[in-house]
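Next comes upload_21.txt, with compact mmCIF, C-alpha atoms (C1' of nucleotides) and all ligand atoms.
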# COMPACT_ATOMS: atom_id res chain seq x y z
CA MET T 15 -29.51 -36.55 11.81
CA ARG T 16 -28.15 -39.94 10.84
CA SER T 17 -24.51 -40.76 10.40
CA THR T 18 -22.10 -43.62 10.33
CA GLY T 19 -19.94 -44.32 13.32
CA SER T 20 -17.16 -42.10 12.06
CA LYS T 21 -16.41 -38.65 13.46
CA ALA T 22 -18.39 -35.96 11.69
CA ALA T 23 -15.32 -33.95 10.79
CA SER T 24 -13.85 -36.81 8.85
CA ALA T 25 -16.81 -37.29 6.55
CA PRO T 26 -15.46 -34.93 3.89
CA LYS T 27 -12.12 -36.67 4.18
CA LEU T 28 -13.80 -39.97 3.47
CA ASP T 29 -15.52 -38.47 0.44
CA LEU T 30 -12.22 -37.15 -0.73
CA VAL T 31 -10.52 -40.50 -0.30
CA ALA T 32 -13.25 -42.09 -2.37
CA ARG T 33 -12.86 -39.42 -4.96
CA LEU T 34 -9.13 -39.95 -5.23
CA ARG T 35 -9.54 -43.70 -5.38
CA GLY T 36 -12.16 -43.27 -8.05
CA ALA T 37 -9.64 -41.29 -10.06
CA GLY T 38 -7.06 -44.04 -9.67
CA LEU T 39 -4.99 -41.96 -7.26
CA ARG T 40 -3.70 -43.18 -3.94
CA PRO T 41 -5.04 -41.11 -1.08
CA THR T 42 -1.74 -39.90 0.27
CA ARG T 43 -1.31 -37.35 3.02
CA GLN T 44 -0.31 -34.71 0.50
CA ARG T 45 -3.16 -35.34 -1.92
CA ILE T 46 -5.64 -35.25 0.91
CA ALA T 47 -4.27 -31.99 2.23
CA LEU T 48 -4.50 -30.37 -1.20
CA GLY T 49 -7.81 -32.00 -1.98
CA ARG T 50 -9.29 -30.58 1.19
CA LEU T 51 -8.17 -27.10 0.25
CA LEU T 52 -9.45 -27.50 -3.27
CA PHE T 53 -12.66 -29.48 -2.96
CA SER T 54 -14.31 -28.16 0.16
CA GLY T 55 -17.35 -26.76 -1.51
CA ILE T 56 -16.48 -23.40 -2.96
CA ASP T 57 -15.10 -23.29 -6.47
CA ARG T 58 -11.58 -21.97 -6.59
CA HIS T 59 -8.95 -20.73 -8.99
CA VAL T 60 -5.48 -21.42 -7.71
CA THR T 61 -1.90 -21.04 -8.67
CA ALA T 62 0.63 -23.73 -7.72
CA GLU T 63 2.63 -21.29 -5.67
CA ALA T 64 -0.44 -19.90 -3.90
CA LEU T 65 -1.76 -23.35 -3.09
CA HIS T 66 1.61 -24.39 -1.75
CA LEU T 67 1.68 -21.38 0.55
CA GLU T 68 -1.85 -22.03 1.68
CA ALA T 69 -1.08 -25.66 2.44
CA ALA T 70 1.97 -24.61 4.42
CA ARG T 71 -0.13 -22.16 6.44
CA THR T 72 -2.59 -24.90 7.35
CA GLY T 73 0.27 -26.99 8.65
CA ALA T 74 0.70 -29.39 5.74
CA GLU T 75 4.28 -30.06 4.79
CA LEU T 76 4.79 -30.86 1.17
CA SER T 77 7.07 -29.71 -1.57
CA LEU T 78 6.20 -27.38 -4.39
CA ALA T 79 7.05 -30.19 -6.81
CA THR T 80 4.31 -32.25 -5.20
CA VAL T 81 1.86 -29.41 -5.61
CA TYR T 82 2.66 -29.26 -9.31
CA ASN T 83 2.47 -33.04 -9.64
CA THR T 84 -0.81 -33.14 -7.82
CA LEU T 85 -2.40 -30.29 -9.75
CA HIS T 86 -1.51 -32.04 -12.98
CA GLN T 87 -2.69 -35.40 -11.76
CA PHE T 88 -5.98 -33.87 -10.64
CA THR T 89 -6.27 -32.14 -14.01
CA THR T 90 -5.61 -35.33 -15.94
CA ALA T 91 -8.12 -37.10 -13.74
CA GLY T 92 -10.73 -34.47 -14.60
CA LEU T 93 -10.92 -33.09 -11.07
CA LEU T 94 -9.46 -29.76 -12.19
CA ARG T 95 -9.04 -27.82 -15.37
CA GLN T 96 -6.51 -25.20 -16.40
CA VAL T 97 -7.40 -21.67 -17.38
CA PHE T 98 -5.07 -19.56 -19.52
CA VAL T 99 -5.42 -15.85 -19.04
CA ASP T 100 -1.90 -14.73 -18.35
CA GLY T 101 1.54 -15.59 -19.59
CA GLU T 102 3.18 -15.61 -16.18
CA LYS T 103 1.35 -18.21 -14.13
CA SER T 104 -1.15 -20.98 -14.76
CA TYR T 105 -4.42 -21.12 -12.94
CA PHE T 106 -6.16 -24.32 -11.96
CA ASP T 107 -9.92 -24.28 -11.64
CA THR T 108 -11.96 -26.56 -9.41
CA ASN T 109 -14.99 -25.91 -11.59
CA THR T 110 -14.59 -28.38 -14.43
CA GLY T 111 -18.00 -27.79 -15.95
CA ASP T 112 -18.64 -25.56 -18.92
CA HIS T 113 -18.30 -21.99 -17.79
CA HIS T 114 -16.46 -18.79 -18.50
CA HIS T 115 -14.43 -16.16 -16.69
CA PHE T 116 -13.98 -12.58 -15.81
CA TYR T 117 -10.30 -11.83 -15.43
CA ALA T 118 -9.05 -8.75 -13.64
CA LYS T 119 -5.41 -8.48 -14.59
CA ASP T 120 -4.71 -5.81 -12.01
CA ARG T 121 -5.92 -8.09 -9.22
CA GLU T 122 -4.85 -11.38 -10.76
CA THR T 123 -8.36 -12.56 -10.04
CA LEU T 124 -10.67 -14.96 -11.85
CA ILE T 125 -14.44 -14.91 -11.40
CA ASP T 126 -16.72 -17.60 -12.76
CA ILE T 127 -19.45 -16.91 -15.27
CA PRO T 128 -21.97 -19.76 -15.36
CA GLY T 129 -21.89 -21.51 -18.71
CA ASP T 130 -25.62 -21.86 -19.14
CA ALA T 131 -26.18 -18.11 -18.94
CA VAL T 132 -24.02 -17.46 -21.97
CA VAL T 133 -25.01 -18.10 -25.58
CA ILE T 134 -22.44 -17.87 -28.33
CA ASP T 135 -23.71 -17.60 -31.87
CA GLY T 136 -22.07 -17.44 -35.25
CA LEU T 137 -18.95 -19.48 -34.54
CA PRO T 138 -17.61 -21.01 -37.74
CA LYS T 139 -17.43 -24.78 -37.75
CA ALA T 140 -14.16 -26.38 -36.82
CA PRO T 141 -11.53 -26.69 -39.56
CA ALA T 142 -11.39 -30.01 -41.42
CA GLY T 143 -10.06 -32.86 -39.36
CA MET T 144 -10.63 -31.01 -36.09
CA ASP T 145 -13.33 -31.19 -33.47
CA ILE T 146 -14.28 -28.55 -30.96
CA GLU T 147 -13.09 -29.57 -27.54
CA ARG T 148 -14.41 -26.60 -25.63
CA VAL T 149 -15.37 -22.98 -26.08
CA GLU T 150 -13.99 -20.57 -23.52
CA VAL T 151 -14.88 -16.94 -23.03
CA VAL T 152 -12.61 -14.63 -21.08
CA VAL T 153 -13.92 -11.20 -20.24
CA ARG T 154 -10.98 -8.98 -19.43
CA LEU T 155 -11.67 -6.37 -16.82
CA LYS T 156 -9.97 -3.10 -16.11
CA PRO T 157 -10.53 -0.78 -13.18
CA LYS T 158 -13.34 1.64 -13.96
CA ALA T 159 -12.01 4.86 -15.45
CA MET Q 19 0.04 3.92 -62.45
CA ARG Q 20 1.23 6.94 -60.56
CA SER Q 21 4.02 6.92 -58.07
CA THR Q 22 6.55 9.11 -56.37
CA GLY Q 23 10.12 9.00 -57.48
CA SER Q 24 10.96 6.27 -54.97
CA LYS Q 25 11.61 2.67 -55.96
CA ALA Q 26 8.45 0.57 -55.94
CA ALA Q 27 9.87 -2.02 -53.55
CA SER Q 28 10.48 0.56 -50.86
CA ALA Q 29 6.92 1.83 -50.70
CA PRO Q 30 5.89 -0.63 -47.95
CA LYS Q 31 9.03 0.29 -46.07
CA LEU Q 32 8.04 3.92 -46.19
CA ASP Q 33 4.58 3.06 -44.90
CA LEU Q 34 6.17 1.13 -42.12
CA VAL Q 35 8.47 3.97 -41.18
CA ALA Q 36 5.47 6.27 -41.01
CA ARG Q 37 3.65 3.74 -38.91
CA LEU Q 38 6.50 3.44 -36.46
CA ARG Q 39 6.91 7.21 -36.26
CA GLY Q 40 3.19 7.55 -35.71
CA ALA Q 41 3.53 5.18 -32.77
CA GLY Q 42 6.35 7.26 -31.33
CA LEU Q 43 8.93 4.63 -32.21
CA ARG Q 44 12.16 5.33 -34.04
CA PRO Q 45 12.37 3.40 -37.28
CA THR Q 46 15.46 1.42 -36.54
CA ARG Q 47 16.88 -1.33 -38.70
CA GLN Q 48 15.60 -3.96 -36.28
CA ARG Q 49 12.11 -2.56 -35.96
CA ILE Q 50 11.81 -2.28 -39.71
CA ALA Q 51 12.95 -5.85 -40.24
CA LEU Q 52 10.42 -7.15 -37.73
CA GLY Q 53 7.72 -4.77 -38.91
CA ARG Q 54 8.14 -6.06 -42.45
CA LEU Q 55 7.69 -9.61 -41.31
CA LEU Q 56 4.70 -8.70 -39.18
CA PHE Q 57 2.82 -6.07 -41.15
CA SER Q 58 3.08 -7.19 -44.75
CA GLY Q 59 -0.58 -7.76 -45.29
CA ILE Q 60 -1.46 -11.14 -43.88
CA ASP Q 61 -2.49 -11.31 -40.24
CA ARG Q 62 -0.11 -13.39 -38.19
CA HIS Q 63 0.26 -15.04 -34.79
CA VAL Q 64 3.87 -15.22 -33.75
CA THR Q 65 6.02 -16.31 -30.92
CA ALA Q 66 9.13 -14.33 -29.98
CA GLU Q 67 11.36 -17.30 -30.66
CA ALA Q 68 9.72 -18.07 -34.00
CA LEU Q 69 9.91 -14.48 -35.17
CA HIS Q 70 13.55 -14.30 -34.18
CA LEU Q 71 14.29 -17.38 -36.24
CA GLU Q 72 12.35 -16.05 -39.18
CA ALA Q 73 14.17 -12.75 -39.05
CA ALA Q 74 17.48 -14.58 -38.95
CA ARG Q 75 16.49 -16.61 -42.00
CA THR Q 76 15.71 -13.47 -43.96
CA GLY Q 77 19.16 -12.15 -43.16
CA ALA Q 78 18.29 -9.73 -40.37
CA GLU Q 79 20.68 -9.81 -37.45
CA LEU Q 80 19.15 -8.91 -34.17
CA SER Q 81 19.08 -10.35 -30.72
CA LEU Q 82 16.24 -12.24 -29.13
CA ALA Q 83 16.09 -9.54 -26.45
CA THR Q 84 15.34 -7.03 -29.18
CA VAL Q 85 12.58 -9.22 -30.51
CA TYR Q 86 10.99 -9.31 -27.07
CA ASN Q 87 11.48 -5.57 -26.61
CA THR Q 88 10.01 -4.85 -30.00
CA LEU Q 89 7.02 -7.12 -29.59
CA HIS Q 90 6.21 -5.44 -26.32
CA GLN Q 91 6.73 -1.96 -27.73
CA PHE Q 92 4.49 -2.79 -30.67
CA THR Q 93 1.91 -4.18 -28.28
CA THR Q 94 1.99 -1.10 -26.07
CA ALA Q 95 1.70 1.05 -29.19
CA GLY Q 96 -1.41 -0.88 -30.23
CA LEU Q 97 0.21 -2.42 -33.30
CA LEU Q 98 -0.03 -5.91 -31.80
CA ARG Q 99 -2.01 -7.69 -29.14
CA GLN Q 100 -1.20 -10.70 -27.05
CA VAL Q 101 -3.24 -13.88 -27.05
CA PHE Q 102 -3.16 -16.28 -24.11
CA VAL Q 103 -3.96 -19.86 -24.99
CA ASP Q 104 -1.06 -21.77 -23.56
CA GLY Q 105 1.09 -21.61 -20.48
CA GLU Q 106 4.37 -22.21 -22.27
CA LYS Q 107 4.72 -19.43 -24.81
CA SER Q 108 3.02 -16.13 -25.56
CA TYR Q 109 1.56 -15.39 -28.92
CA PHE Q 110 1.49 -11.94 -30.48
CA ASP Q 111 -1.27 -11.17 -32.94
CA THR Q 112 -1.04 -8.64 -35.77
CA ASN Q 113 -4.82 -8.45 -35.83
CA THR Q 114 -5.64 -5.95 -33.12
CA GLY Q 115 -9.32 -5.67 -33.95
CA ASP Q 116 -12.06 -7.49 -32.10
CA HIS Q 117 -11.91 -11.10 -33.09
CA HIS Q 118 -11.59 -14.58 -31.66
CA HIS Q 119 -9.53 -17.71 -32.13
CA PHE Q 120 -9.46 -21.36 -32.84
CA TYR Q 121 -6.54 -22.94 -31.04
CA ALA Q 122 -5.20 -26.34 -32.00
CA LYS Q 123 -2.99 -27.36 -29.12
CA ASP Q 124 -1.52 -30.30 -31.00
CA ARG Q 125 -0.31 -27.99 -33.78
CA GLU Q 126 0.35 -24.92 -31.67
CA THR Q 127 -1.71 -23.04 -34.22
CA LEU Q 128 -4.04 -20.07 -33.92
CA ILE Q 129 -6.72 -19.30 -36.50
CA ASP Q 130 -8.70 -16.07 -36.53
CA ILE Q 131 -12.45 -15.98 -36.16
CA PRO Q 132 -13.83 -12.62 -37.35
CA GLY Q 133 -15.35 -10.69 -34.48
CA ASP Q 134 -18.43 -9.51 -36.29
CA ALA Q 135 -19.56 -13.05 -37.06
CA VAL Q 136 -19.81 -13.94 -33.39
CA VAL Q 137 -22.56 -12.85 -31.03
CA ILE Q 138 -22.22 -13.43 -27.32
CA ASP Q 139 -25.34 -13.15 -25.22
CA GLY Q 140 -26.06 -13.40 -21.55
CA LEU Q 141 -22.78 -12.18 -20.12
CA PRO Q 142 -23.28 -10.75 -16.66
CA LYS Q 143 -22.29 -7.14 -16.26
CA ALA Q 144 -18.84 -6.36 -14.97
CA PRO Q 145 -18.33 -6.45 -11.19
CA ALA Q 146 -18.57 -3.12 -9.38
CA GLY Q 147 -15.69 -0.81 -10.06
CA MET Q 148 -14.63 -2.71 -13.16
CA ASP Q 149 -15.17 -2.13 -16.85
CA ILE Q 150 -15.02 -4.67 -19.63
CA GLU Q 151 -11.86 -4.18 -21.61
CA ARG Q 152 -12.45 -6.91 -24.15
CA VAL Q 153 -14.26 -10.19 -24.60
CA GLU Q 154 -12.23 -13.04 -26.04
CA VAL Q 155 -13.43 -16.40 -27.22
CA VAL Q 156 -11.04 -19.29 -27.63
CA VAL Q 157 -12.32 -22.40 -29.34
CA ARG Q 158 -10.05 -25.26 -28.42
CA LEU Q 159 -9.65 -27.85 -31.12
CA LYS Q 160 -8.65 -31.46 -30.95
CA PRO Q 161 -7.88 -33.80 -33.83
CA LYS Q 162 -11.06 -35.49 -35.04
CA ALA Q 163 -11.54 -38.82 -33.30
C1' DC L 6 4.78 -57.59 8.69
C1' DA L 7 7.06 -57.93 3.68
C1' DA L 8 7.19 -56.74 -0.93
C1' DT L 9 6.59 -53.40 -4.28
C1' DA L 10 4.36 -50.15 -7.29
C1' DG L 11 3.58 -45.79 -6.89
C1' DA L 12 4.47 -41.14 -4.50
C1' DT L 13 7.21 -37.53 -2.53
C1' DT L 14 11.18 -34.75 -2.30
C1' DA L 15 15.37 -31.69 -2.61
C1' DG L 16 17.78 -29.85 -5.57
C1' DA L 17 19.44 -29.59 -10.26
C1' DA L 18 17.93 -28.47 -14.72
C1' DT L 19 15.20 -26.16 -18.32
C1' DA L 20 12.48 -22.85 -20.82
C1' DA L 21 10.64 -18.52 -21.40
C1' DT L 22 11.33 -14.07 -20.44
C1' DT L 23 13.42 -9.96 -18.31
C1' DC L 24 17.18 -7.23 -16.62
C1' DT L 25 21.78 -4.88 -16.61
C1' DA L 26 25.08 -2.09 -18.05
C1' DA L 27 27.88 -1.38 -22.02
C1' DT L 28 27.71 0.04 -26.77
C1' DG L 29 25.46 1.83 -30.90
C1' DT L 30 22.49 4.96 -33.58
C1' DA L 31 18.49 8.10 -35.18
C1' DA L 32 17.30 12.74 -35.20
C1' DG L 33 17.50 17.42 -34.25
C1' DA L 34 20.68 21.34 -33.37
C1' DA L 35 24.33 24.00 -34.70
C1' DT J 1 27.83 17.93 -42.02
C1' DT J 2 29.14 17.13 -37.59
C1' DC J 3 27.78 17.18 -32.71
C1' DT J 4 24.88 15.81 -29.06
C1' DT J 5 22.05 13.06 -26.75
C1' DA J 6 18.00 10.55 -25.93
C1' DC J 7 16.63 6.40 -27.29
C1' DA J 8 17.68 1.58 -28.86
C1' DT J 9 20.25 -2.67 -29.15
C1' DT J 10 22.88 -6.26 -27.26
C1' DA J 11 25.29 -10.11 -24.78
C1' DG J 12 25.04 -12.30 -21.14
C1' DA J 13 23.52 -12.63 -16.42
C1' DA J 14 19.45 -13.09 -13.77
C1' DT J 15 14.70 -14.32 -12.70
C1' DT J 16 10.50 -16.95 -12.70
C1' DA J 17 7.74 -20.64 -13.55
C1' DT J 18 7.94 -25.19 -14.17
C1' DT J 19 9.87 -29.86 -14.89
C1' DC J 20 13.21 -33.45 -14.19
C1' DT J 21 16.27 -36.74 -11.60
C1' DA J 22 17.33 -40.10 -8.73
C1' DA J 23 17.04 -41.04 -3.91
C1' DT J 24 13.87 -41.86 -0.27
C1' DC J 25 9.30 -42.94 1.42
C1' DT J 26 4.62 -45.18 1.85
C1' DA J 27 -0.04 -47.00 0.58
C1' DT J 28 -1.60 -51.28 -0.66
C1' DT J 29 -1.94 -56.01 -0.95
C1' DG J 30 -0.73 -60.62 0.24
MN MN M 201 6.21 -17.64 -18.87
MN MN M 202 6.31 -20.94 -18.19
ZN ZN M 203 -13.76 -21.05 -13.16
ZN ZN M 204 -5.86 -13.34 -34.21
Here is a file; write its structure as structure tokens.
Ligand SMILES: [Mn+2]
Ligand SMILES: [Mn+2]
Ligand SMILES: [Zn+2]
Ligand SMILES: [Zn+2]
Amino acid sequence: MRSTGSKAASAPKLDLVARLRGAGLRPTRQRIALGRLLFSGIDRHVTAEALHLEAARTGAELSLATVYNTLHQFTTAGLLRQVFVDGEKSYFDTNTGDHHHFYAKDRETLIDIPGDAVVIDGLPKAPAGMDIERVEVVVRLKPKA
Amino acid sequence: MRSTGSKAASAPKLDLVARLRGAGLRPTRQRIALGRLLFSGIDRHVTAEALHLEAARTGAELSLATVYNTLHQFTTAGLLRQVFVDGEKSYFDTNTGDHHHFYAKDRETLIDIPGDAVVIDGLPKAPAGMDIERVEVVVRLKPKA
DNA sequence: CAATAGATTAGAATAATTCTAATGTAAGAA
DNA sequence: TTCTTACATTAGAATTATTCTAATCTATTG
């Protein structure tokens, strides 16, 4: 097992710093804290409020405004995307590739559906002057009868 | 051309009254005004604010709270459905059948895609304990480059 | 370090929507 | 018809999610 001289635990932090720099974002304490929560392997669907709480629980101190700023900056930078399934809150998705979602309204839960599994046929072509930016499928779930 | 003794112009109003009664809703002045705007043939995608303005322009006097109440009552009654494409405002759709949408963010415009034209293959089955309530496709549009 | 562009923050502000509690009205009974 | 009342409407206050402001920090570079 080879490694640089740096502590093992900080390797992901270094990756994250590089990632932020690559996106033109300064690697501040707050962005690193949120980036760690968001980009530690598992794909996630978060709400600003929920992420703020989670950051607070892990000891990070940052304002909700910063969470919003950061989520938007990450989104603009292509590190996150937004998913619209509910009028109340916005969800931010760490999976920026083409994929779809199950949404269980009663649990406020999003589950990924891999994009390559799904084939959509028969879509009309985009109206004149418009291009298709992305095709999103949301499968709404309800508790089994 | 046969008809009852009623004035021709009021026929749609009578239909509407029947429709409201059938949904268990009293045919009040406000509900009739909104129902006329919503259910006069063409399928529509409206915002509470926009519908309120439109009603005001056609001379109806009713509060924005009533527009929200009515849209929700109509939705619960199955006369409308909601479409989620944007975090800022909710859209209500007079087309309650299975169908999909183009959404042009830059124009805040929804366009129907008939449901029977579209075939979606390869969706995983619903997670345990859940049933699929509906499958919605949103095709996001951007102005042609 | 010093300078500064960029970032964070508390709290005010805004936008959409919902709630409250007072007032009005549709519909059936008498 | 008029009475009764359950249901509906309303103005305005309240709530929630989110954004803005303008003051205070800090990452970066020289
Ligand atoms: Mn909202
Ligand atoms: Mn909102
Ligand atoms: Zn996802
Ligand atoms: Zn539609």
Could you list, as a compact mmCIF listing (two decimals) with C-alpha atoms (C1' of nucleotides), in the coordinates of the input, all the residues within 10 Å of ligand MN 202 (chain M), counting all atoms listed in the file?
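Resulting contents of part-v6.txt:
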# COMPACT_ATOMS: atom_id res chain seq x y z
CA GLY T 101 1.54 -15.59 -19.59
CA GLU T 102 3.18 -15.61 -16.18
CA LYS T 103 1.35 -18.21 -14.13
CA SER T 104 -1.15 -20.98 -14.76
CA ASP Q 104 -1.06 -21.77 -23.56
CA GLY Q 105 1.09 -21.61 -20.48
CA GLU Q 106 4.37 -22.21 -22.27
CA LYS Q 107 4.72 -19.43 -24.81
CA SER Q 108 3.02 -16.13 -25.56
C1' DA L 20 12.48 -22.85 -20.82
C1' DA L 21 10.64 -18.52 -21.40
C1' DT L 22 11.33 -14.07 -20.44
C1' DT J 16 10.50 -16.95 -12.70
C1' DA J 17 7.74 -20.64 -13.55
C1' DT J 18 7.94 -25.19 -14.17
*Quick one: of T:Ala159, T:Leu30, T:Leu124, T:Val132, who's nearest to chain Q, counting only C-alpha atoms?*
T:Val132
List every residue of chain T that has an atom at most 8 Å from any atom of chain Q, and for each one report the closest atom pair and its distance in Å to one decimal, counting only C-alpha atoms, with rows sorted by chain and then by increasing residue number, as CSV.
residue,atom,partner,partner_atom,distance
T:Phe98,CA,Q:Val103,CA,5.6
T:Val99,CA,Q:Phe102,CA,5.6
T:Asp100,CA,Q:Phe102,CA,6.1
T:Gly101,CA,Q:Gly105,CA,6.1
T:Glu102,CA,Q:Gly105,CA,7.7
T:Lys103,CA,Q:Gly105,CA,7.2
T:Ser104,CA,Q:Gly105,CA,6.2
T:Phe116,CA,Q:Ala144,CA,7.9
T:Ile127,CA,Q:Pro142,CA,7.4
T:Ala131,CA,Q:Gly140,CA,5.4
T:Val132,CA,Q:Gly140,CA,4.6
T:Val133,CA,Q:Asp139,CA,5.0
T:Ile134,CA,Q:Ile138,CA,4.6
T:Asp135,CA,Q:Val137,CA,5.0
T:Gly136,CA,Q:Val136,CA,4.6
T:Leu137,CA,Q:Val136,CA,5.7
T:Pro138,CA,Q:Ile131,CA,7.4
T:Ala140,CA,Q:Leu159,CA,7.4
T:Gly143,CA,Q:Lys162,CA,5.2
T:Met144,CA,Q:Pro161,CA,4.5
T:Asp145,CA,Q:Lys162,CA,5.1
T:Ile146,CA,Q:Leu159,CA,4.7
T:Glu147,CA,Q:Leu159,CA,5.3
T:Arg148,CA,Q:Arg158,CA,5.3
T:Val149,CA,Q:Val157,CA,4.5
T:Glu150,CA,Q:Val156,CA,5.2
T:Val151,CA,Q:Val155,CA,4.5
T:Val152,CA,Q:Glu154,CA,5.2
T:Val153,CA,Q:Val153,CA,4.5
T:Arg154,CA,Q:Glu151,CA,5.3
T:Leu155,CA,Q:Ile150,CA,4.7
T:Lys156,CA,Q:Asp149,CA,5.3
T:Pro157,CA,Q:Met148,CA,4.5
T:Lys158,CA,Q:Met148,CA,4.6
T:Ala159,CA,Q:Asp149,CA,7.8
*Tell me, in Å to one decimal, how far atom ZN of ligand ZN 204 (chain M) is from atom CA of Val60 of chain T.*
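One can read the atom ZN of ligand ZN 204 (chain M) to atom CA of Val60 of chain T distance as 27.7 Å.
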*At what distance in Å, to one decimal, does atom CA of Leu51 of chain T lie from atom CA of Pro26 of chain T?*
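Those two atoms sit 11.3 Å apart.
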*So which residues touch DA10 of chain L within 12 Å, counting all atoms listed in the file, skipping near sequence neighbours fewer than 4 positions away, as a count of residues only?*
5
_Interface residues on chain Q facing chain L, 12 Å, all atoms listed in the file, written as a VMD selection string_ = chain Q and resid 39 43 to 48 65 to 67 82 to 87 90 105 to 108
_Within 6 Å of ligand ZN 203 (chain M) (counting only C-alpha atoms (C1' of nucleotides) and all ligand atoms), which residues show up? I'd like them as a list of chain:residue names._
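I would give the residues around ligand ZN 203 (chain M) as T:Asp107, T:Asn109, T:Asp126.
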Closest pair table for chain J residues within 10 Å of chain Q, all atoms listed in the file, as JSON lines:
{"residue": "J:DC7", "atom": "C1'", "partner": "Q:Arg44", "partner_atom": "CA", "distance": 8.2}
{"residue": "J:DA8", "atom": "C1'", "partner": "Q:Thr46", "partner_atom": "CA", "distance": 8.0}
{"residue": "J:DT9", "atom": "C1'", "partner": "Q:Thr84", "partner_atom": "CA", "distance": 6.6}
{"residue": "J:DT10", "atom": "C1'", "partner": "Q:Ser81", "partner_atom": "CA", "distance": 6.6}
{"residue": "J:DA11", "atom": "C1'", "partner": "Q:Ser81", "partner_atom": "CA", "distance": 8.6}
{"residue": "J:DA17", "atom": "C1'", "partner": "Q:Glu106", "partner_atom": "CA", "distance": 9.5}
{"residue": "J:DT18", "atom": "C1'", "partner": "Q:Glu106", "partner_atom": "CA", "distance": 9.3}
*asked:* What's the separation between atom CA of Ser58 of chain Q and atom CA of Arg37 of chain Q, in Å to one decimal place?
replied: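 Separation between atom CA of Ser58 of chain Q and atom CA of Arg37 of chain Q: 12.4 Å.
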Could you give me the axis-aligned bounding box of segment 3-19 of chain J, with 6 Å of padding per side, as centre plus edge lengths in Å to one decimal, as lines of an AutoDock Vina configuration file?
center_x = 17.8
center_y = -6.3
center_z = -22.7
size_x = 32.0
size_y = 59.0
size_z = 32.0
Please, can segment 149-160 of chain Q be completed to N, CA and C atoms and returned as a tab-separated table (two decimals), in the coordinates of the input?
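Listed below is the output, selection_26.tsv:
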chain	number	residue	atom	x	y	z
Q	149	ASP	N	-14.60	-2.25	-15.51
Q	149	ASP	CA	-15.17	-2.13	-16.85
Q	149	ASP	C	-14.66	-3.28	-17.70
Q	150	ILE	N	-15.45	-3.63	-18.70
Q	150	ILE	CA	-15.02	-4.67	-19.63
Q	150	ILE	C	-14.05	-4.07	-20.63
Q	151	GLU	N	-12.89	-4.68	-20.70
Q	151	GLU	CA	-11.86	-4.18	-21.61
Q	151	GLU	C	-11.99	-4.86	-22.96
Q	152	ARG	N	-12.31	-6.15	-22.90
Q	152	ARG	CA	-12.45	-6.91	-24.15
Q	152	ARG	C	-12.97	-8.30	-23.83
Q	153	VAL	N	-13.70	-8.85	-24.77
Q	153	VAL	CA	-14.26	-10.19	-24.60
Q	153	VAL	C	-13.58	-11.10	-25.63
Q	154	GLU	N	-12.97	-12.15	-25.15
Q	154	GLU	CA	-12.23	-13.04	-26.04
Q	154	GLU	C	-12.78	-14.45	-25.98
Q	155	VAL	N	-12.99	-15.01	-27.14
Q	155	VAL	CA	-13.43	-16.40	-27.22
Q	155	VAL	C	-12.29	-17.24	-27.77
Q	156	VAL	N	-12.01	-18.32	-27.10
Q	156	VAL	CA	-11.04	-19.29	-27.63
Q	156	VAL	C	-11.77	-20.60	-27.82
Q	157	VAL	N	-11.73	-21.10	-29.04
Q	157	VAL	CA	-12.32	-22.40	-29.34
Q	157	VAL	C	-11.19	-23.40	-29.42
Q	158	ARG	N	-11.14	-24.27	-28.44
Q	158	ARG	CA	-10.05	-25.26	-28.42
Q	158	ARG	C	-10.39	-26.43	-29.32
Q	159	LEU	N	-9.42	-26.78	-30.15
Q	159	LEU	CA	-9.65	-27.85	-31.12
Q	159	LEU	C	-8.84	-29.08	-30.76
Q	160	LYS	N	-9.41	-30.22	-31.09
Q	160	LYS	CA	-8.65	-31.46	-30.95
Q	160	LYS	C	-8.79	-32.22	-32.26
